[in-house]
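*Asks:* Here you go, one structure.
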Amino acid sequence: MNSLLIPSGAVSASTREKQGESMKISATAPGEQPTILTLSKVGKSFGPLRVLKGIDLEVQRSEVVCLIGPSGSGKSTLLRSMAFLEEYDEGEIRIEGQLLGWQNTDKGRRRAPQSQINQVRRNIGMVFQQFNLWPHMTAIGNVCEALRRVRRLSADEANKRGMAMLEKVGLAHKANAYPAQLSGGQQQRVAIARALAMEPHIMLFDEPTSALDPELVGEVLQVMKTLAKEGMTMVVVTHEMGFAAQVADSVIFLDQGEVVARGTPQQIFHNAEQPRLQQFLQNYLDRNAFWQDSKPPTPNL
Amino acid sequence: MFDWPLLQQNAPLLLDALWVTLQVSIAALAIGFVIGIVVGSLRLSPVPLLRRLGGAYIFVFRGIPLLVQLLFIYYFLPRIGLPNVSPTMAAIIGLSLAAGAYIAEIMRGGFLAIPGGQLEAAGLLGLSTSQMLLRIRVPQAVRLTLPALVNEMILLIKASSLVSVVGLADLTRTAQNLAASDYMFIQDYLMLAGFYCLINVPLAYCGSLLERRLKEQTA
Ligand SMILES: Nc1ncnc2c1ncn2[C@@H]1O[C@H](COP(=O)(O)OP(=O)(O)OP(=O)(O)O)[C@@H](O)[C@H]1O
Ligand SMILES: [Mg+2]
């Protein structure tokens with residue numbers, strides 16, 4: 001059943017291509033550690049509900065990791081913890097070696113001062129399901145805001161870099177439009193440009209296409225594919241299995257706060273061994289195989 | 001019924017007084033706006049003590065009639081050792097404190113209407129709390145509550161007629177003085193009413209114009 005999802009040849013080909021890219025990148029940046037994000041035994045509870053149950057995860061430079069799993073499995077919580085938008089309460093998250101969010105003292109650990117948290121996550125960019133653009137600023141205004149106020153670039157410099165970023169997502173011609181004047185896909189691309197402008201080392205995406213009309217999904221995925229090709233390190237929570245299969249170096253299947261399976265797209269989508277993963281993929285196929293609704297499968301398929 | 005020469009004679013005096021009313025109102029609005037932003041965000045602070053502080057402010061300055069506040073500031077503050085306040089100062093302080101309480105409640109509503117994700121995005125990009133307040137929360141809260149804010153401005157300008165109790169020769173006090181000397185009550189007070197409308201009608205019009213323009217951007 002799993003081989004229905006994608007032709008197996010395509011996966012290994014794109015994986016090989018990606019690995020070639022990452023080797024090229026790490027060759028140009030010697031001295032930088034290959035591991036950019038490390039999670040060890042990360043846990044998180046909301047009251048009595050333990051949403052993350054000891055997650056271990058490493059993300060290498062230029063790697064694309066896709067997180068998949070059923071609704072409520074803790075994907076968003078995990079991704080948000082990586083940016084300390086959720087205060088994880090067990091284990092450690094390290095970004096380029098630095099502990100995120102907490103300070104170890106003799107009396108246990110305390111929340112780090114905000115300035116230190118900002119310092120550690122300075123190199124993280126995040127893209128949300130709901131875009132979260134600031135509606136009172138134009139596209140270029142959104143992109144330039146942090147360049148001006150946080151990076152303290154001059155108006156000219158910020159504008160130049162902002163326009164380059166909008167160009168990159170194909171929206172230079174919409175620089176002066178307000179978010180409400182843009183389609184969902186365009187808004188999400190502006191949000192990506194806004195995050196990229198800060199030159200992050202790693203980009204986190206939380207279901208970036210889930211709020212979009214189906215016909216707008218492609219343009220956002222295309223931008224993300226380009227980013228991946230350029231060697232951006234990415235962690236992507238997604239329900240787009242096709243994207244995961246084509247672009248990911250590794251896919252992680254989360255269920256009930258645990259990593260149930262991890263591997264290459266080939267391993268996850270074609271050779272799934274875990275019953276829970278098989279069930280999840282089957283559900284996905286059932287939901288997306290609309291042609292099976294009206295007609296029984298043709299014998300020669 | 002109307003005494004045209006007298007009207008011509010009184011109008012410039014009222015025009016001067018209009019200027020006093022405007023100055024006091026604009027100053028009070030500006031200060032009240034700042035108070036409103038501070039108190040409004042205190043009301044939403046994660047720190048309980050600060051929240052209660054904001055609540056107490058609003059309780060006091062919305063609860064006590066403006067007239068009483070003005071009397072208190074003008075007559076009682078000097079008694080308890082604070083230096084003599086001029087009528088203008090007393091008027092501005094009293095109006096600002098009261099306007100601050102109302103604007104705080106308006107701003108609180110505006111702040112609450114901003115989706116939290118926008119602030120998460122801002123925080124992740126490194127914006128500080130004060131940058132978020134001034135660049136993201138306040139501009140949006142103002143847009144979202146513009147009708148209420150314009151309404152508050154109009155109410156404040158009208159409420160400024162109470163400052164005559166501290167001896168400030170504002171629009172109302174001047175008209176009263178004129179009427180007391182020329183006995184043309186109806187004519188003088190009609191003119192007084194007209195002068196208030198002269199400010200408030202265009203203000204309301206500009207408010208709805210601005211509202212419409214902003215709506216084009218955000219909807
Ligand atoms: N702020 C919160 N307070 C309490 N419970 C929460 C909170 N956020 C998430 N949860 C719970 O944690 C669990 C995991 O939620 P999470 O949003 O991480 O799931 P998800 O895998 O992203 O799901 P989806 O695919 O629907 O986005 C859910 O049971 C959810 O109800
Ligand atoms: Mg989610």
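By convention here, the chains of the structure tokens are called A, B, ... in the order presented, each chain's residues are numbered starting at 1, and ligands are numbered starting at 1 in the order presented.
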Residues of chain A within 10 Å of chain B, using only C-alpha atoms, as an NGL selection string?
*Replies:* :A and (83-85 or 114-115 or 117-119 or 121-138 or 142 or 145-147 or 149-151 or 177-181 or 191 or 194-195 or 197-198 or 200)
*Asks:* Taking the DSSP secondary structure from the backbone, can you list the residues of chain B that are alpha helix (DSSP H), as a PyMOL selection string?
*Replies:* chain B and resi 4-42+48-63+66-71+77-79+87-112+116-124+129-131+138-144+146-159+171-182+185-218
*Asks:* For ligand 2, collect every residue having any atom at a distance of at most 7 Å from a ligand atom (counting only C-alpha atoms and all ligand atoms); output as a ChimeraX atom specification.
*Replies:* /A:71,75-76,206-207
*Asks:* Could you check the closest approach to ligand 1 for each of A:Asn104, A:Asn159, A:Ser40, A:Gln256 and tell me which residue wins, using only C-alpha atoms and all ligand atoms?
*Replies:*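 Checking each of A:Asn104, A:Asn159, A:Ser40, A:Gln256 against ligand 1, counting only C-alpha atoms and all ligand atoms, the winner is A:Gln256.
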*Asks:* Return as a short mmCIF file (atom, residue, chain, number, x, y, z; two decimals) with N, CA and C atoms, in the first residue's frame the residues of protein, DNA or RNA that approach ligand 1 to within 12 Å, with only C-alpha atoms and all ligand atoms taken into account.
*Replies:*
```cif
data_model
loop_
_atom_site.label_atom_id
_atom_site.label_comp_id
_atom_site.auth_asym_id
_atom_site.auth_seq_id
_atom_site.Cartn_x
_atom_site.Cartn_y
_atom_site.Cartn_z
N GLY A 43 10.64 17.09 26.92
CA GLY A 43 9.28 16.79 27.33
C GLY A 43 8.51 18.06 27.62
N LYS A 44 7.21 17.98 27.47
CA LYS A 44 6.38 19.15 27.72
C LYS A 44 5.00 18.70 28.17
N SER A 45 4.52 19.28 29.24
CA SER A 45 3.16 18.95 29.70
C SER A 45 2.32 20.21 29.74
N PHE A 46 1.07 20.08 29.37
CA PHE A 46 0.08 21.13 29.63
C PHE A 46 -0.76 20.62 30.79
N GLY A 47 -0.51 21.12 31.99
CA GLY A 47 -1.21 20.58 33.16
C GLY A 47 -0.90 19.10 33.27
N PRO A 48 -1.92 18.29 33.40
CA PRO A 48 -1.68 16.85 33.56
C PRO A 48 -1.36 16.16 32.23
N LEU A 49 -1.56 16.85 31.13
CA LEU A 49 -1.41 16.23 29.81
C LEU A 49 0.04 16.32 29.35
N ARG A 50 0.72 15.16 29.23
CA ARG A 50 2.11 15.17 28.77
C ARG A 50 2.11 15.08 27.25
N VAL A 51 2.37 16.21 26.62
CA VAL A 51 2.20 16.32 25.17
C VAL A 51 3.44 15.85 24.42
N LEU A 52 4.62 16.09 24.99
CA LEU A 52 5.86 15.58 24.42
C LEU A 52 6.51 14.67 25.45
N LYS A 53 6.92 13.49 24.99
CA LYS A 53 7.39 12.49 25.95
C LYS A 53 8.82 12.08 25.65
N LEU A 67 8.27 16.84 9.86
CA LEU A 67 7.56 16.23 10.99
C LEU A 67 6.15 15.93 10.53
N ILE A 68 5.76 14.66 10.61
CA ILE A 68 4.39 14.32 10.26
C ILE A 68 3.75 13.61 11.44
N GLY A 69 2.46 13.50 11.41
CA GLY A 69 1.76 12.80 12.49
C GLY A 69 0.33 13.26 12.58
N PRO A 70 -0.48 12.48 13.26
CA PRO A 70 -1.89 12.83 13.35
C PRO A 70 -2.12 14.11 14.15
N SER A 71 -3.30 14.68 14.00
CA SER A 71 -3.65 15.89 14.72
C SER A 71 -3.57 15.64 16.23
N GLY A 72 -2.97 16.58 16.93
CA GLY A 72 -2.86 16.44 18.38
C GLY A 72 -1.67 15.61 18.83
N SER A 73 -0.83 15.20 17.89
CA SER A 73 0.30 14.35 18.27
C SER A 73 1.43 15.14 18.91
N GLY A 74 1.37 16.47 18.82
CA GLY A 74 2.40 17.29 19.46
C GLY A 74 3.38 17.92 18.49
N LYS A 75 3.08 17.90 17.20
CA LYS A 75 4.00 18.46 16.20
C LYS A 75 4.24 19.95 16.43
N SER A 76 3.13 20.69 16.56
CA SER A 76 3.27 22.13 16.77
C SER A 76 3.99 22.43 18.07
N THR A 77 3.63 21.71 19.11
CA THR A 77 4.26 21.93 20.40
C THR A 77 5.77 21.71 20.30
N LEU A 78 6.16 20.67 19.59
CA LEU A 78 7.58 20.38 19.42
C LEU A 78 8.27 21.51 18.66
N LEU A 79 7.67 21.92 17.55
CA LEU A 79 8.28 22.96 16.73
C LEU A 79 8.36 24.28 17.51
N ARG A 80 7.28 24.60 18.23
CA ARG A 80 7.25 25.84 19.00
C ARG A 80 8.26 25.81 20.14
N SER A 81 8.50 24.62 20.68
CA SER A 81 9.53 24.49 21.71
C SER A 81 10.90 24.85 21.15
N LEU A 85 8.77 29.20 22.03
CA LEU A 85 7.43 29.77 22.14
C LEU A 85 6.61 28.94 23.11
N GLU A 86 7.03 27.70 23.31
CA GLU A 86 6.52 26.90 24.42
C GLU A 86 7.71 26.64 25.34
N GLU A 87 7.48 26.76 26.63
CA GLU A 87 8.55 26.46 27.57
C GLU A 87 8.56 24.95 27.82
N TYR A 88 9.40 24.24 27.10
CA TYR A 88 9.52 22.79 27.35
C TYR A 88 10.00 22.59 28.77
N PHE A 128 4.49 30.59 10.28
CA PHE A 128 3.34 30.04 10.97
C PHE A 128 2.22 29.69 10.00
N GLN A 129 1.36 28.83 10.48
CA GLN A 129 0.20 28.46 9.67
C GLN A 129 -0.64 29.69 9.31
N GLN A 130 -0.79 30.60 10.28
CA GLN A 130 -1.66 31.78 10.07
C GLN A 130 -0.89 33.00 9.57
N PHE A 205 8.95 25.68 10.05
CA PHE A 205 7.66 25.90 9.37
C PHE A 205 6.59 25.08 10.06
N ASP A 206 5.53 25.73 10.51
CA ASP A 206 4.42 24.98 11.12
C ASP A 206 3.23 24.96 10.18
N GLU A 207 3.07 23.88 9.47
CA GLU A 207 1.98 23.72 8.51
C GLU A 207 1.78 24.99 7.67
N PRO A 208 2.82 25.37 6.92
CA PRO A 208 2.76 26.66 6.22
C PRO A 208 1.69 26.74 5.14
N THR A 209 1.16 25.59 4.72
CA THR A 209 0.17 25.65 3.64
C THR A 209 -1.23 25.21 4.09
N SER A 210 -1.38 24.93 5.37
CA SER A 210 -2.67 24.37 5.81
C SER A 210 -3.81 25.37 5.79
N ALA A 211 -3.47 26.66 5.85
CA ALA A 211 -4.55 27.66 5.86
C ALA A 211 -4.86 28.15 4.45
N VAL A 236 10.12 21.15 9.07
CA VAL A 236 8.81 21.47 8.51
C VAL A 236 7.75 20.52 9.05
N VAL A 237 6.78 21.09 9.75
CA VAL A 237 5.60 20.31 10.10
C VAL A 237 4.65 20.40 8.92
N THR A 238 4.25 19.26 8.38
CA THR A 238 3.43 19.35 7.18
C THR A 238 2.48 18.18 7.05
N HIS A 239 1.38 18.46 6.37
CA HIS A 239 0.48 17.39 5.96
C HIS A 239 0.65 17.11 4.47
N GLU A 240 1.60 17.80 3.84
CA GLU A 240 1.85 17.60 2.41
C GLU A 240 2.85 16.47 2.24
N PHE A 253 7.99 10.65 12.22
CA PHE A 253 6.57 10.42 12.47
C PHE A 253 6.32 10.48 13.97
N LEU A 254 5.50 11.44 14.35
CA LEU A 254 5.21 11.68 15.76
C LEU A 254 3.81 11.17 16.05
N ASP A 255 3.65 10.46 17.16
CA ASP A 255 2.30 10.09 17.57
C ASP A 255 2.24 10.12 19.08
N GLN A 256 1.23 10.76 19.61
CA GLN A 256 1.03 10.89 21.05
C GLN A 256 2.30 11.32 21.78
N GLY A 257 2.97 12.29 21.19
CA GLY A 257 4.12 12.88 21.86
C GLY A 257 5.39 12.06 21.80
N GLU A 258 5.41 11.03 20.97
CA GLU A 258 6.61 10.22 20.86
C GLU A 258 7.02 10.12 19.40
N VAL A 259 8.35 9.98 19.18
CA VAL A 259 8.81 9.68 17.85
C VAL A 259 8.61 8.19 17.63
#
```
*Asks:* Residues of range 9-40 of chain B that have any atom at most 12 Å from an atom of range 44-59 of chain B: could you tabulate them with the shortest-distance atom pair and the distance in Å to one decimal, using only C-alpha atoms, ordered by chain and increasing number, as a Markdown table?
*Replies:*
```
| residue | atom | partner | partner_atom | distance |
| --- | --- | --- | --- | --- |
| B:Ile35 | CA | B:Tyr57 | CA | 10.1 |
| B:Gly36 | CA | B:Ile58 | CA | 9.6 |
| B:Ile37 | CA | B:Gly54 | CA | 10.7 |
| B:Val38 | CA | B:Gly54 | CA | 8.5 |
| B:Val39 | CA | B:Gly54 | CA | 5.1 |
| B:Gly40 | CA | B:Leu44 | CA | 6.9 |
```
